[in-house]
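What follows is a short report on a single structure.
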Amino acid sequence: MPFLYENRQIVTPGDLLAEGDYLAGFNTYKHDSKIYASRLGLVEYKGRKIDVVALNTFYIPQAGDLVIGKIVESNLHGWTVDINSPYPAILRTSEALNRPFRPQRDELSEFLDVNDLIFAKVISFDRTRDPNLTIREPDLGKIKYGQIVKVSPAKIPRIIGRKGSMIGMLKKETRCNITVGQNGLVLVSGRTREDERIAITAIKKIEEEAHTTGLTDRITEMVRKERGEVTQ
Amino acid sequence: MTSIMVSRIRRQQIAQLIADGKRLDGRGPKDYRPIQIESGIIGKAEGSARVRLGKTEVMVGVKIDIGEPFSDRPNEGVLTTNAEFVPLASPEFEAGPPGEESMELARVVDRGIRESKAIELEKLCIIPGKKVFVIFVDVYVLNHDGNLIDASTLASIAALMNTKIFKYEIKDGEVEKKPGFSPLPLRDVPISVTFASINGILVVDPWLDEEEVMDARLTIAFSKDGRICAIQKGGSGTLSPQQIIEAAHIAKEKTEELREIVVKS
Amino acid sequence: MTEKIVLVNEDGIRTDGRKLSELRPIKLEVGILSNADGSAYIEQGKNKILAAVYGPREVHPRHMALPDRALLRCRYHMAPFSVEERKSPAPSRREVELSKVIREAFEPAIFLEKFPRTSIDLFIEVLQADGGTRCAGVTVASLALADAGIPMRDLIVACAAGKAGGHLVLDLNDIEDKEGEADIPVAYMPSFNAVSLLQMDGLLTIEEFQQAINLALEGCKQIYALQKEALKAKYQAIKESAEVTEEE
């Protein structure tokens with residue numbers, strides 16, 4: 001039996017995508033040798049594997065992910081961090097400080113306080129226990145400048161682009177520093193508010209049109225127009 | 001109580017037996033547990049009955065009062081059904097306001113009685129638009145060992161069958177009680193049959209252990225003339241349309257048996 | 001008693017001009033509330049219903065969390081102004097029961113086991129009621145869940161069939177529901193031929209019941225096609241307009 005949809009056609013949960021010797025990839029599942037979509041998205045047939053690129057998802061942590069989070073609570077052993085996920089994350093003092101924590105002398109809030117933002121890496125998660133974070137690596141830690149944009153985590157790969165093409169273009173064209181959290185939060189910091197505004201507008205447009213083709217070119221053009229550098 | 005937590009192994013055991021057409025307590029798929037009905041056991045109530053369905057035990061008391069009719073039914077009496085999961089009936093039951101389970105039970109029992117038009121409500125009007133008899137059916141679950149819906153329906157209809165209404169006269173627009181009673185006018189005896197679907201196989205009258213492993217529950221009530229008068233599916237599984245029709249045919253047969261037991265009691 | 005209302009005339013036409021097995025006009029919109037993780041709106045005849053989904057998210061109160069799957073909670077609620085006589089905003093027994101059966105209708109469809117210790121909260125608000133609100137509520141809630149990106153085995157679709165004026169009819173409106181002989185709401189997963197909600201009130205022979213179920217399932221299949229269209233429409237429009245700009 002051939003594929004039942006064209007590549008990149010929109011499918012909905014319960015749509016039968018293929019029948020026979022195929023593998024259920026992202027956002028699909030197998031039932032009696034039939035592959036069905038489990039999420040609204042664009043179907044991608046890749047040889048024997050079938051994926052659905054979801055149009056909207058929420059963030060489920062995975063070890064190795066880089067995320068942006070907000071400190072919501074501090075306790076004896078560390079901090080609880082909101083990482084825009086159903087599962088709150090834990091940052092232990094040992095993963096935040098470069099030296100042992102001394103409860104008698106150190107005050108946790110001097111390092112990180114409630115409402116602080118951090119850029120962190122997920123070190124473990126298995127759904128039976130909450131995810132653990134670390135900030136003891138280069139480029140990780142407390143966020144001090146910039147603005148946060150929230151997008152659907154499903155759109156993060158599109159914001160990064162193939163081999164970083166989209167994000168590379170955005171940084172160059174908007175002259176902003178852009179840090180992408182896999183959890184759907186993006187940090188934008190530029191030299192001027194106007195640079196940041198343009199970058200944020202571009203990110204929102206990528207989110208909205210993530211499922212369309214020719215996006216990088218359209219975004220480049222949009223940024224240049226916004227900056228008053230008409231290309232024609 | 002063994003049945004609070006049904007282990008994985010027990011689930012397998014129950015499901016495998018059912019696949020072979022057998023059940024853990026020795027019954028066949030279409031067998032009810034032994035049914036015992038005692039009528040008129042609460043003297044203070046206008047009608048009452050206690051039903052034992054295996055170890056499940058339900059008492060129903062019927063109380064009668066005078067109240068206002070519904071505005072869209074000015075010439076009819078009012079039926080009100082309530083179910084109480086009494087805390088002594090199960091370690092799972094807690095005192096407090098009724099939960100969704102007991103509300104569902106009350107509404108399903110009510111549906112069978114109401115939709116079969118079992119009570120001749122139009123005969124319960126005292127002063128049209130102003131005063132009618134209100135029939136309170138209170139279901140009291142005393143011991144929960146599964147299939148509360150059928151036990152409660154049986155107990156309710158048995159209680160209604162021995163319910164008496166006080167005689168009255170109207171003096172200056174007020175209702176005054178007179179000595180003597182007349183029976184509650186009934187025209188039907190609705191009976192429900194409840195199934196559990198376990199791995200796609202239907203069994204009637206599930207006991208607690210079966211309820212805890214079932215995928216879905218299906219209740220079908222029939223009126224005396226063999227018509228369906230109420231249905232309720234419960235549980236977080238699904239049923240195929242074929243299963244539903246099969247269940248309707250089995251239920252029709254079973255309701256005839258059960259009705260005979262109630263009428264004779 | 002007042003005069004009996006004629007629910008179906010000699011030509012087999014119903015009070016609102018429909019044929020016996022005709023659905024009311026249905027309008028569906030996806031993604032209309034900005035705060036919710038997923039949302040949708042339905043108009044089915046005079047019914048106007050909103051659905052919103054929050055989650056998966058942390059469970060509050062925490063002790064309700066389940067170790068092996070997500071907790072699905074559902075609230076079906078009617079606005080006080082949704083019916084002729086003002087309805088008290090406190091949940092009635094009917095609303096509690098419907099919330100339960102609607103939740104149970106969705107449990108087999110959602111991959112709850114993938115998100116242990118979280119909750120998925122589903123809210124159905126009936127803004128205007130005209131019969132068949134639980135079915136329309138299920139249909140629209142399914143779109144809100146898909147919009148929220150909650151993985152599901154299939155969309156759940158619901159439709160009622162029943163008997164009114166002596167005829168088997170599809171998708172009963174308010175008068176048919178109140179004055180008719182029987183009403184059977186059905187929720188269904190078309191890809192698996194599986195019924196996940198079934199109720200009936202009224203009086204029907206087994207034969208009539210069987211026909212009515214089949215009629216309801218036919219209705220479900222028609223609405224299922226509309227659900228898919230509505231979900232795709234939200235993104236298709238953006239796709240087309242964006243790609244047209246590109247060709248210019």
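Residues in the structure tokens are numbered from 1 in each chain, the chains being A, B, ... in the order shown, and ligands are numbered from 1 in the order shown.
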
**Request:** Output as number ranges by chain the set of chain C residues within 10 Å of chain A, with distances taken over only C-alpha atoms.
**Result:** C: 37-38, 55-59, 67-68, 109-111, 114-120, 142-143, 145-156, 189-192, 227-229, 231-233, 235-236, 238-243, 245-247

**Message:** At a cut-off of 7 Å, using only C-alpha atoms, what residues contact Lys167 in chain B? Leave out same-chain residues fewer than 3 positions from it and give the result as JSON, numbers by chain.
**Reply:** {"B": [177, 178, 179, 180, 181, 182]}

**Request:** Find the residues around Arg191 in chain A up to 10 Å (only C-alpha atoms counted), leave out those fewer than 2 positions away in its own chain, and share them as a PyMOL selection string.
**Result:** chain A and resi 146+174-177+189+193-196

Generate the output file for the selected residues, all heavy atoms, as a short mmCIF file (atom, residue, chain, number, x, y, z; two decimals), in the first residue's frame.
data_model
loop_
_atom_site.label_atom_id
_atom_site.label_comp_id
_atom_site.auth_asym_id
_atom_site.auth_seq_id
_atom_site.Cartn_x
_atom_site.Cartn_y
_atom_site.Cartn_z
N GLY A 146 18.26 41.52 28.05
CA GLY A 146 17.49 41.04 26.92
C GLY A 146 16.02 40.87 27.20
O GLY A 146 15.53 41.17 28.28
N THR A 174 19.72 41.15 12.28
CA THR A 174 19.14 42.02 13.31
C THR A 174 20.19 42.54 14.28
O THR A 174 19.90 43.37 15.12
CB THR A 174 18.08 41.27 14.15
OG1 THR A 174 18.72 40.22 14.87
CG2 THR A 174 16.98 40.68 13.29
N ARG A 175 21.41 42.04 14.15
CA ARG A 175 22.53 42.40 15.02
C ARG A 175 22.22 42.13 16.50
O ARG A 175 22.66 42.84 17.37
CB ARG A 175 22.93 43.86 14.80
CG ARG A 175 23.44 44.10 13.39
CD ARG A 175 23.81 45.52 13.18
NE ARG A 175 22.65 46.41 13.29
CZ ARG A 175 22.61 47.65 12.82
NH1 ARG A 175 23.68 48.18 12.26
NH2 ARG A 175 21.54 48.38 12.94
N CYS A 176 21.37 41.12 16.73
CA CYS A 176 21.01 40.77 18.11
C CYS A 176 21.66 39.45 18.49
O CYS A 176 21.93 38.61 17.63
CB CYS A 176 19.50 40.60 18.26
SG CYS A 176 18.61 42.15 18.25
N ASN A 177 21.87 39.29 19.78
CA ASN A 177 22.23 37.99 20.31
C ASN A 177 20.94 37.22 20.55
O ASN A 177 20.04 37.73 21.21
CB ASN A 177 22.95 38.16 21.65
CG ASN A 177 24.39 37.75 21.54
OD1 ASN A 177 24.72 36.80 20.81
ND2 ASN A 177 25.25 38.47 22.23
N SER A 189 18.78 39.75 22.81
CA SER A 189 19.37 40.97 23.36
C SER A 189 20.19 41.67 22.28
O SER A 189 21.04 41.08 21.63
CB SER A 189 20.21 40.67 24.60
OG SER A 189 21.33 39.91 24.27
N ARG A 193 16.76 48.89 21.46
CA ARG A 193 15.39 48.37 21.58
C ARG A 193 14.83 48.06 20.19
O ARG A 193 14.10 47.09 20.00
CB ARG A 193 14.49 49.42 22.24
CG ARG A 193 14.66 49.45 23.73
CD ARG A 193 13.61 48.57 24.37
NE ARG A 193 14.02 48.26 25.74
CZ ARG A 193 13.44 47.34 26.51
NH1 ARG A 193 12.49 46.60 26.04
NH2 ARG A 193 13.85 47.14 27.73
N GLU A 194 15.15 48.90 19.24
CA GLU A 194 14.63 48.75 17.88
C GLU A 194 15.16 47.44 17.27
O GLU A 194 14.40 46.69 16.65
CB GLU A 194 15.02 49.97 17.04
CG GLU A 194 14.58 49.93 15.58
CD GLU A 194 13.06 49.85 15.37
OE1 GLU A 194 12.30 50.00 16.36
OE2 GLU A 194 12.64 49.62 14.23
N ASP A 195 16.43 47.15 17.47
CA ASP A 195 16.99 45.89 16.99
C ASP A 195 16.23 44.71 17.60
O ASP A 195 15.88 43.75 16.91
CB ASP A 195 18.48 45.77 17.35
CG ASP A 195 19.35 46.67 16.48
OD1 ASP A 195 18.81 47.20 15.48
OD2 ASP A 195 20.53 46.85 16.82
N GLU A 196 15.97 44.82 18.89
CA GLU A 196 15.28 43.73 19.59
C GLU A 196 13.85 43.57 19.06
O GLU A 196 13.37 42.47 18.85
CB GLU A 196 15.25 43.97 21.11
CG GLU A 196 16.61 43.77 21.76
CD GLU A 196 16.60 44.05 23.25
OE1 GLU A 196 15.55 44.46 23.79
OE2 GLU A 196 17.67 43.87 23.89
#

**Prompt:** Suppose you want the space between CA of Asn173 in chain C and CA of Gly17 in chain C; what is it in Å?
**Reply:**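 CA of Asn173 in chain C sits 11.5 Å away from CA of Gly17 in chain C.
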
**Asked** Which parts of range 122-176 of chain B does DSSP call alpha helix (DSSP H) when run on the backbone here, written out as an NGL selection string?
**Response** :B and (148-161)

For the contact check between chain B and chain C, emit one row per residue of chain B within 10 Å, containing the shortest atom pair and the distance in Å rounded to one decimal, counting only C-alpha atoms, chain then rising number order, as a Markdown table.
| residue | atom | partner | partner_atom | distance |
| --- | --- | --- | --- | --- |
| B:Arg73 | CA | C:Met1 | CA | 8.8 |
| B:Pro74 | CA | C:Met1 | CA | 8.9 |
| B:Asn75 | CA | C:Met1 | CA | 8.1 |
| B:Pro98 | CA | C:Arg93 | CA | 9.6 |
| B:Gly99 | CA | C:Val96 | CA | 8.6 |
| B:Glu100 | CA | C:Val96 | CA | 6.0 |
| B:Glu101 | CA | C:Glu97 | CA | 8.2 |
| B:Ser102 | CA | C:Glu97 | CA | 9.4 |
| B:Met103 | CA | C:Arg93 | CA | 6.2 |
| B:Glu104 | CA | C:Glu97 | CA | 5.3 |
| B:Leu105 | CA | C:Glu97 | CA | 9.1 |
| B:Ala106 | CA | C:Arg93 | CA | 9.2 |
| B:Arg107 | CA | C:Arg94 | CA | 7.9 |
| B:Val108 | CA | C:Glu97 | CA | 9.6 |
| B:Arg111 | CA | C:Asp201 | CA | 6.7 |
| B:Gly112 | CA | C:Asp201 | CA | 8.0 |
| B:Arg114 | CA | C:Gly202 | CA | 8.7 |
| B:Glu115 | CA | C:Gly202 | CA | 5.1 |
| B:Ser116 | CA | C:Leu203 | CA | 6.9 |
| B:Lys117 | CA | C:Gly202 | CA | 9.3 |
| B:Asp215 | CA | C:Pro108 | CA | 9.3 |
| B:Ala216 | CA | C:Ser196 | CA | 8.6 |
| B:Leu218 | CA | C:Leu198 | CA | 8.4 |
| B:Thr219 | CA | C:Gln199 | CA | 9.0 |
| B:Ile220 | CA | C:Met200 | CA | 8.7 |
| B:Ala221 | CA | C:Met200 | CA | 9.6 |
| B:Phe222 | CA | C:Leu203 | CA | 8.6 |
| B:Ser223 | CA | C:Leu203 | CA | 8.2 |
| B:Asp225 | CA | C:Thr205 | CA | 9.1 |
| B:Gly226 | CA | C:Thr205 | CA | 7.0 |
| B:Arg227 | CA | C:Thr205 | CA | 4.5 |
| B:Ile228 | CA | C:Leu204 | CA | 5.2 |
| B:Cys229 | CA | C:Leu203 | CA | 4.7 |
| B:Ala230 | CA | C:Asp201 | CA | 4.8 |
| B:Ile231 | CA | C:Met200 | CA | 4.6 |
| B:Gln232 | CA | C:Gln199 | CA | 4.5 |
| B:Lys233 | CA | C:Leu198 | CA | 5.1 |
| B:Gly234 | CA | C:Val101 | CA | 6.6 |
| B:Gly235 | CA | C:Glu104 | CA | 5.9 |
| B:Ser236 | CA | C:Glu104 | CA | 4.6 |
| B:Gly237 | CA | C:Pro108 | CA | 5.4 |
| B:Thr238 | CA | C:Ser196 | CA | 4.6 |
| B:Leu239 | CA | C:Val195 | CA | 5.1 |
| B:Ser240 | CA | C:Ala194 | CA | 4.9 |
| B:Pro241 | CA | C:Val195 | CA | 6.8 |
| B:Gln242 | CA | C:Gln210 | CA | 9.5 |
| B:Gln243 | CA | C:Val195 | CA | 9.8 |
| B:Ile244 | CA | C:Gln210 | CA | 8.9 |
| B:Ile245 | CA | C:Gln210 | CA | 6.6 |
| B:Ala248 | CA | C:Ile206 | CA | 6.8 |
| B:His249 | CA | C:Ile206 | CA | 7.5 |
| B:Lys252 | CA | C:Ile206 | CA | 8.7 |

Please write the residues from the selection above to a file, keeping C-alpha atoms, as a compact mmCIF listing (two decimals), in the first residue's frame.
# COMPACT_ATOMS: atom_id res chain seq x y z
CA ARG B 73 -45.67 19.92 33.91
CA PRO B 74 -48.36 21.62 36.08
CA ASN B 75 -50.57 18.53 36.28
CA PRO B 98 -22.27 13.57 46.87
CA GLY B 99 -19.55 12.84 44.35
CA GLU B 100 -19.95 12.28 40.62
CA GLU B 101 -20.33 8.50 41.07
CA SER B 102 -23.34 8.79 43.36
CA MET B 103 -24.89 11.53 41.20
CA GLU B 104 -24.49 9.33 38.15
CA LEU B 105 -26.04 6.38 40.00
CA ALA B 106 -29.04 8.50 41.05
CA ARG B 107 -29.54 9.85 37.56
CA VAL B 108 -29.35 6.44 35.87
CA ARG B 111 -33.83 7.67 34.09
CA GLY B 112 -35.13 4.09 34.06
CA ARG B 114 -38.90 8.24 34.52
CA GLU B 115 -38.51 7.22 30.89
CA SER B 116 -40.54 4.03 31.28
CA LYS B 117 -43.21 6.28 32.84
CA ASP B 215 -12.67 -1.31 30.15
CA ALA B 216 -16.22 -0.09 29.92
CA LEU B 218 -22.91 -0.52 29.84
CA THR B 219 -26.34 -0.36 31.44
CA ILE B 220 -29.52 -0.96 29.45
CA ALA B 221 -32.95 -0.70 31.09
CA PHE B 222 -36.12 -2.15 29.65
CA SER B 223 -39.79 -1.40 30.26
CA ASP B 225 -43.32 -4.16 27.00
CA GLY B 226 -39.73 -4.98 25.99
CA ARG B 227 -38.66 -1.51 24.92
CA ILE B 228 -35.39 0.12 25.93
CA CYS B 229 -36.06 2.99 28.34
CA ALA B 230 -32.58 4.03 29.49
CA ILE B 231 -28.93 3.51 28.57
CA GLN B 232 -25.74 4.62 30.21
CA LYS B 233 -22.20 3.78 29.20
CA GLY B 234 -19.51 4.33 31.81
CA GLY B 235 -15.82 3.71 32.20
CA SER B 236 -12.89 4.88 30.16
CA GLY B 237 -12.96 2.25 27.43
CA THR B 238 -14.93 1.87 24.23
CA LEU B 239 -17.56 -0.48 22.82
CA SER B 240 -18.14 -1.49 19.23
CA PRO B 241 -21.61 -0.88 17.73
CA GLN B 242 -21.94 -4.68 17.36
CA GLN B 243 -21.23 -5.18 21.06
CA ILE B 244 -23.89 -2.63 21.95
CA ILE B 245 -26.55 -4.36 19.89
CA ALA B 248 -29.31 -5.00 24.05
CA HIS B 249 -30.51 -8.48 23.06
CA LYS B 252 -33.85 -7.83 27.06

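When only C-alpha atoms are used to measure the gap to His77 in chain C, the shortest distance among C:Leu28, C:Ile49, C:Ile124, C:Leu33 belongs to C:Ile124.
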
**Asked** What is the distance between CA of Leu121 in chain B and CA of Asp174 in chain C, in Å to one decimal?
**Response**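 Answer for the CA of Leu121 in chain B to CA of Asp174 in chain C separation: 23.0 Å.
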